[in-house]
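Colleague: Have a look at this one.
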Amino acid sequence: MRIGMRLLLGYFLIVAIAAWFVLSIFLQEVKPGVRRATEGTLIDTATLLAEFAKADMLAGNAQNGQLAQAFSRLNQHSFKANISGITKSKNEYRVYLTDKKGIVLFDSSGKATGEDYSRWNDVWLTLQGKYGARSTPVNANNPESTVMYVAAPVRDGQNIIGVLSVGKPNSAMDPVIRRSERRILWAGVALLGIALLIGFGFVLWINRAIGKLVRYADSVTTEHPLPLPKPGSSELRKLALALESMRLKLEGKTYIEQYVHALTHELKSPMAAIRGAAEILREGPPPEIVEKFSANILQQNLRMQQLVDNLLRQAKLESRVEITAQSINLPALFSSLCDSREVLARSKQISLRIDKNFPEEFAVEGDPALLEQAVGNLLDNALDFTPPAGEVVLSVEQHIGQTTILVSDTGSGIPDYAKERVFERFYSLPRSNGQKSSGLGLAFVHEVARLHRGTITLENRPEGGVQARLALPEK
């Protein structure tokens, strides 16, 4: 089972168990809670009616007094009430009145008049000055047929002269209880559904972060590994750094072997030229020959020095894991690069300009030194491959979440056979003067793009020349 599903299952089980306990407690409290509320209304009603019954008892007319007449009229009139979706169409109270011996003087149901109720708890306790209440089933075989009775004393001064008891069937409260239980159950289902959605989103977030690490680890064996991802979690971030450290250590040996092999290959040509020139100089040639081959030795020495410097710079760049991004003003960067290459462009009769299709304060996030050198390398390549009377243009494109730096020229373009290799270390195409570069300029740009979590592409323009696109994501 995938780790995301395990987390989702564990999270859902915890929420489900907690919800079950809470719902269980709520459901267990619904019925007693409703009955306690009903009992409160019954004691209020009994106390009020006891005051009316007092006058009837003192007048000796309990069976036909005001209380009896009121209930007689009450039963003659029908009504219909909708209480939050529960329909009520009849009065469900049963009221009976007893004397101080517990003999029923009046019964609203007409069933118990004259009977001895002195042994029922509601009457017996009330006659003793205590709180009297009982819950008695109408049908002994049906526990759901219980009726709740609450009694209040009928007092004449300090003397208890009778008891008035008000009863209500517990079944009358069943619709309220069932509706409350249904609502609680639906709320529980909704809670579990919301918890499941939250857990699913949480798992997707974790899987996405882990997926980035998996794709990064898989890309290690490819020619162009992906940039180190930012999972968004401190633990996953540590794992990502550990993977990067492991990648660097595993690649270390192969990396050194490749560099030594490439460096040896690139140094063969200048070393052979220096040796040939030295052998000729040993023969004591004329001064003009000495000057020519001495200049050749110095030129090849400079070439080797530049190659070593570029190689060390490339190795240092490739060993970096991340950069500290700063705000870089692009107009200022472009102006600085063009100013430093203005003399070279004029000497080659090339127009070097900036397409100012962006604000003066337009900025991107990145490493100022690395970005300046990367764009400078692209600019140098464009100047090297652009013929006289040509043009090199610096511009910017903006898309959602991305800024692209463009370096366009009107040169000869990239041959089809070289399109897949231009970013390889030491791969170089001959310039217009017949010389080849170190082949590390575009490899450097590729590494800078990787560190900035961006991309670099070179494509031939339909009207001729090449356009370099260095895409940088917005932070």
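Residues in the structure tokens are named by chain (A, B, ... in the order shown) and by number from 1 within that chain; ligands are numbered from 1 in the order shown.
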For Gly465 (chain A), find every residue with an atom within 8 Å (counting only C-alpha atoms), except residues of its own chain fewer than 5 positions away, and show them as a ChimeraX atom specification.

Modeller: /A:386,408-413,460

Colleague: Take the selection from the previous step and output its residues with C-alpha atoms, as a PDB file, in the first residue's frame.

Modeller:
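Saved file result_39.pdb follows:
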ATOM      1  CA  THR A 386      26.543  37.226 -36.531  1.00  0.00           C
ATOM      2  CA  SER A 408      18.236  37.126 -30.934  1.00  0.00           C
ATOM      3  CA  ASP A 409      20.782  37.378 -33.769  1.00  0.00           C
ATOM      4  CA  THR A 410      20.828  37.331 -37.579  1.00  0.00           C
ATOM      5  CA  GLY A 411      23.632  34.795 -37.936  1.00  0.00           C
ATOM      6  CA  SER A 412      23.870  31.512 -39.790  1.00  0.00           C
ATOM      7  CA  GLY A 413      21.780  29.506 -37.351  1.00  0.00           C
ATOM      8  CA  ASN A 460      16.576  28.877 -35.368  1.00  0.00           C
TER       9      ASN A 460
END

Colleague: Counting only C-alpha atoms, which of A:Leu67, A:Ala382, A:Leu58, A:Ala195 gets nearest to Gly162 (chain A)?

Modeller: A:Leu58

Colleague: Quick one: distance from CA of Phe202 (chain A) to CA of Leu243 (chain A) in Å, one decimal?

Modeller: 23.5 Å

Colleague: Report as a PDB file with N, CA, C and O atoms, in the first residue's frame all protein, DNA and RNA residues lying within 12 Å of Pro359 (chain A), evaluated on only C-alpha atoms, omitting residues in the same chain fewer than 2 positions from it.

Modeller:
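Final file, part02.pdb:
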ATOM      1  N   ASN A 329      17.455  44.083 -11.477  1.00  0.00           N
ATOM      2  CA  ASN A 329      16.846  45.024 -12.409  1.00  0.00           C
ATOM      3  C   ASN A 329      17.309  44.688 -13.825  1.00  0.00           C
ATOM      4  O   ASN A 329      18.482  44.866 -14.173  1.00  0.00           O
ATOM      5  N   LEU A 330      16.394  44.183 -14.658  1.00  0.00           N
ATOM      6  CA  LEU A 330      16.771  43.745 -16.010  1.00  0.00           C
ATOM      7  C   LEU A 330      17.225  44.889 -16.919  1.00  0.00           C
ATOM      8  O   LEU A 330      18.211  44.733 -17.645  1.00  0.00           O
ATOM      9  N   PRO A 331      16.544  46.042 -16.931  1.00  0.00           N
ATOM     10  CA  PRO A 331      17.044  47.120 -17.784  1.00  0.00           C
ATOM     11  C   PRO A 331      18.489  47.507 -17.461  1.00  0.00           C
ATOM     12  O   PRO A 331      19.300  47.731 -18.369  1.00  0.00           O
ATOM     13  N   ALA A 332      18.810  47.565 -16.156  1.00  0.00           N
ATOM     14  CA  ALA A 332      20.183  47.904 -15.768  1.00  0.00           C
ATOM     15  C   ALA A 332      21.154  46.801 -16.189  1.00  0.00           C
ATOM     16  O   ALA A 332      22.274  47.083 -16.649  1.00  0.00           O
ATOM     17  N   ASP A 355      15.520  45.832 -26.965  1.00  0.00           N
ATOM     18  CA  ASP A 355      14.103  46.040 -27.296  1.00  0.00           C
ATOM     19  C   ASP A 355      13.366  46.346 -25.990  1.00  0.00           C
ATOM     20  O   ASP A 355      13.033  45.440 -25.220  1.00  0.00           O
ATOM     21  N   LYS A 356      13.133  47.627 -25.728  1.00  0.00           N
ATOM     22  CA  LYS A 356      12.576  48.043 -24.434  1.00  0.00           C
ATOM     23  C   LYS A 356      11.058  47.901 -24.432  1.00  0.00           C
ATOM     24  O   LYS A 356      10.314  48.879 -24.486  1.00  0.00           O
ATOM     25  N   ASN A 357      10.616  46.656 -24.365  1.00  0.00           N
ATOM     26  CA  ASN A 357       9.181  46.377 -24.292  1.00  0.00           C
ATOM     27  C   ASN A 357       8.757  46.060 -22.864  1.00  0.00           C
ATOM     28  O   ASN A 357       7.819  45.321 -22.625  1.00  0.00           O
ATOM     29  N   GLU A 361      11.715  49.722 -14.316  1.00  0.00           N
ATOM     30  CA  GLU A 361      12.011  49.084 -13.035  1.00  0.00           C
ATOM     31  C   GLU A 361      11.689  47.590 -13.054  1.00  0.00           C
ATOM     32  O   GLU A 361      11.493  46.989 -11.999  1.00  0.00           O
ATOM     33  N   PHE A 362      11.635  46.987 -14.242  1.00  0.00           N
ATOM     34  CA  PHE A 362      11.289  45.576 -14.342  1.00  0.00           C
ATOM     35  C   PHE A 362      12.395  44.725 -13.701  1.00  0.00           C
ATOM     36  O   PHE A 362      13.586  44.926 -13.967  1.00  0.00           O
ATOM     37  N   ALA A 363      12.005  43.762 -12.839  1.00  0.00           N
ATOM     38  CA  ALA A 363      12.991  42.972 -12.096  1.00  0.00           C
ATOM     39  C   ALA A 363      12.615  41.502 -12.102  1.00  0.00           C
ATOM     40  O   ALA A 363      11.445  41.137 -12.262  1.00  0.00           O
ATOM     41  N   SER A 395      15.768  41.217 -25.446  1.00  0.00           N
ATOM     42  CA  SER A 395      14.369  41.541 -25.152  1.00  0.00           C
ATOM     43  C   SER A 395      13.848  40.632 -24.048  1.00  0.00           C
ATOM     44  O   SER A 395      14.551  39.718 -23.582  1.00  0.00           O
ATOM     45  N   VAL A 396      12.597  40.880 -23.673  1.00  0.00           N
ATOM     46  CA  VAL A 396      11.976  40.127 -22.569  1.00  0.00           C
ATOM     47  C   VAL A 396      10.544  39.775 -22.963  1.00  0.00           C
ATOM     48  O   VAL A 396       9.850  40.567 -23.603  1.00  0.00           O
ATOM     49  N   GLU A 397      10.130  38.575 -22.577  1.00  0.00           N
ATOM     50  CA  GLU A 397       8.733  38.161 -22.722  1.00  0.00           C
ATOM     51  C   GLU A 397       8.202  37.783 -21.343  1.00  0.00           C
ATOM     52  O   GLU A 397       8.918  37.196 -20.534  1.00  0.00           O
ATOM     53  N   GLN A 398       6.938  38.111 -21.096  1.00  0.00           N
ATOM     54  CA  GLN A 398       6.298  37.764 -19.823  1.00  0.00           C
ATOM     55  C   GLN A 398       5.121  36.841 -20.065  1.00  0.00           C
ATOM     56  O   GLN A 398       4.306  37.068 -20.962  1.00  0.00           O
TER      57      GLN A 398
END

Colleague: Take CA of Ser245 (chain A) and CA of Ala449 (chain A) and report the distance between them in Å, one decimal.

Modeller: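 According to the coordinates, CA of Ser245 (chain A) and CA of Ala449 (chain A) are separated by 19.7 Å.
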
Colleague: Counting only C-alpha atoms, what is within 9 Å of Val393 (chain A), bar same-chain residues fewer than 3 positions away, as a ChimeraX atom specification?

Modeller: /A:351-355,379,406-409

Colleague: DSSP on the backbone, then: every residue of region 332-368 of chain A marked alpha helix (DSSP H), written as a list in words.

Modeller: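 The alpha helix (DSSP H) residues within region 332-368 of chain A come out as Ala332, Leu333, Phe334, Ser335, Ser336, Leu337, Cys338, Asp339, Ser340, Glu342, Val343, Leu344, Ala345, Arg346, Ser347 and Pro368 of chain A.
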
Colleague: Which of these residues is nearest to Gly65 (chain A), using only C-alpha atoms: A:Gln305, A:Glu288, A:Tyr93, A:Phe106?

Modeller: A:Phe106

Colleague: Pick the closest to Ile17 (chain A) from A:Leu192, A:Gly276, A:Pro285, A:Pro388: which is it, counting only C-alpha atoms?

Modeller: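 Comparing A:Leu192, A:Gly276, A:Pro285, A:Pro388 against Ile17 (chain A), the winner is A:Leu192.
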
Colleague: For the atom pair CA of Ile206 (chain A) and CA of Glu474 (chain A), what is the interatomic distance in Å to one decimal place?

Modeller: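 Computing it gives 23.1 Å between the two atoms.
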
Colleague: Give me the residues within 12 Å of region 71-74 of chain A as a PDB file with N, CA and C atoms, in the first residue's frame, counting only C-alpha atoms and dropping any in the same chain fewer than 4 places off.

Modeller:
ATOM      1  N   LEU A  49     -51.904  24.987  37.075  1.00  0.00           N
ATOM      2  CA  LEU A  49     -53.252  24.431  37.148  1.00  0.00           C
ATOM      3  C   LEU A  49     -53.674  24.173  38.603  1.00  0.00           C
ATOM      4  N   GLN A  63     -65.433  18.240  40.324  1.00  0.00           N
ATOM      5  CA  GLN A  63     -65.779  17.515  39.095  1.00  0.00           C
ATOM      6  C   GLN A  63     -66.410  18.421  38.046  1.00  0.00           C
ATOM      7  N   ASN A  64     -67.009  19.536  38.457  1.00  0.00           N
ATOM      8  CA  ASN A  64     -67.663  20.416  37.497  1.00  0.00           C
ATOM      9  C   ASN A  64     -67.189  21.867  37.627  1.00  0.00           C
ATOM     10  N   GLY A  65     -66.050  22.064  38.216  1.00  0.00           N
ATOM     11  CA  GLY A  65     -65.535  23.411  38.419  1.00  0.00           C
ATOM     12  C   GLY A  65     -64.913  24.000  37.153  1.00  0.00           C
ATOM     13  N   GLN A  66     -64.189  25.108  37.376  1.00  0.00           N
ATOM     14  CA  GLN A  66     -63.584  25.813  36.249  1.00  0.00           C
ATOM     15  C   GLN A  66     -62.582  24.932  35.504  1.00  0.00           C
ATOM     16  N   LEU A  67     -61.788  24.143  36.251  1.00  0.00           N
ATOM     17  CA  LEU A  67     -60.781  23.289  35.617  1.00  0.00           C
ATOM     18  C   LEU A  67     -61.449  22.253  34.727  1.00  0.00           C
ATOM     19  N   SER A  78     -60.755  21.589  17.724  1.00  0.00           N
ATOM     20  CA  SER A  78     -59.558  20.992  17.103  1.00  0.00           C
ATOM     21  C   SER A  78     -58.595  22.087  16.644  1.00  0.00           C
ATOM     22  N   PHE A  79     -57.359  21.742  16.514  1.00  0.00           N
ATOM     23  CA  PHE A  79     -56.350  22.689  16.020  1.00  0.00           C
ATOM     24  C   PHE A  79     -55.262  21.901  15.287  1.00  0.00           C
ATOM     25  N   LYS A  90     -53.650  17.679  18.426  1.00  0.00           N
ATOM     26  CA  LYS A  90     -54.486  17.440  19.607  1.00  0.00           C
ATOM     27  C   LYS A  90     -53.687  17.711  20.868  1.00  0.00           C
ATOM     28  N   ASN A  91     -54.465  17.966  21.945  1.00  0.00           N
ATOM     29  CA  ASN A  91     -53.856  18.189  23.242  1.00  0.00           C
ATOM     30  C   ASN A  91     -53.508  16.829  23.854  1.00  0.00           C
ATOM     31  N   GLU A  92     -52.273  16.657  24.240  1.00  0.00           N
ATOM     32  CA  GLU A  92     -51.824  15.339  24.713  1.00  0.00           C
ATOM     33  C   GLU A  92     -51.696  15.275  26.225  1.00  0.00           C
ATOM     34  N   TYR A  93     -52.050  16.344  26.925  1.00  0.00           N
ATOM     35  CA  TYR A  93     -51.968  16.333  28.382  1.00  0.00           C
ATOM     36  C   TYR A  93     -53.113  15.506  28.986  1.00  0.00           C
ATOM     37  N   ARG A  94     -52.802  14.774  30.060  1.00  0.00           N
ATOM     38  CA  ARG A  94     -53.831  14.167  30.914  1.00  0.00           C
ATOM     39  C   ARG A  94     -53.668  14.774  32.298  1.00  0.00           C
ATOM     40  N   VAL A  95     -54.727  15.311  32.829  1.00  0.00           N
ATOM     41  CA  VAL A  95     -54.680  15.988  34.132  1.00  0.00           C
ATOM     42  C   VAL A  95     -55.687  15.311  35.072  1.00  0.00           C
ATOM     43  N   TYR A  96     -55.210  14.978  36.254  1.00  0.00           N
ATOM     44  CA  TYR A  96     -56.160  14.505  37.271  1.00  0.00           C
ATOM     45  C   TYR A  96     -55.873  15.195  38.592  1.00  0.00           C
ATOM     46  N   PHE A 106     -61.084  14.460  39.904  1.00  0.00           N
ATOM     47  CA  PHE A 106     -61.311  14.848  38.511  1.00  0.00           C
ATOM     48  C   PHE A 106     -60.222  14.211  37.643  1.00  0.00           C
ATOM     49  N   ASP A 107     -60.627  13.683  36.503  1.00  0.00           N
ATOM     50  CA  ASP A 107     -59.687  13.105  35.536  1.00  0.00           C
ATOM     51  C   ASP A 107     -60.098  13.598  34.153  1.00  0.00           C
ATOM     52  N   SER A 108     -59.185  14.287  33.455  1.00  0.00           N
ATOM     53  CA  SER A 108     -59.530  14.850  32.136  1.00  0.00           C
ATOM     54  C   SER A 108     -59.841  13.754  31.137  1.00  0.00           C
ATOM     55  N   SER A 109     -59.328  12.537  31.368  1.00  0.00           N
ATOM     56  CA  SER A 109     -59.626  11.432  30.457  1.00  0.00           C
ATOM     57  C   SER A 109     -60.931  10.726  30.824  1.00  0.00           C
ATOM     58  N   GLY A 110     -61.449  11.022  32.019  1.00  0.00           N
ATOM     59  CA  GLY A 110     -62.696  10.423  32.468  1.00  0.00           C
ATOM     60  C   GLY A 110     -62.585   8.963  32.866  1.00  0.00           C
TER      61      GLY A 110
END

Colleague: Measuring between only C-alpha atoms, which one of A:Arg453, A:Glu447, A:Gly441, A:Ala19 shows the shortest distance to Ile194 (chain A)?

Modeller: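 Ranked by minimum distance to Ile194 (chain A), first place goes to A:Ala19.
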
Colleague: Select, from A:Glu342, A:Asp56, A:Glu459, A:Asp44, the residue with the minimum atom-to-atom distance to Asp380 (chain A), counting only C-alpha atoms.

Modeller: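 Using only C-alpha atoms, Asp380 (chain A) sits closest to A:Glu342.
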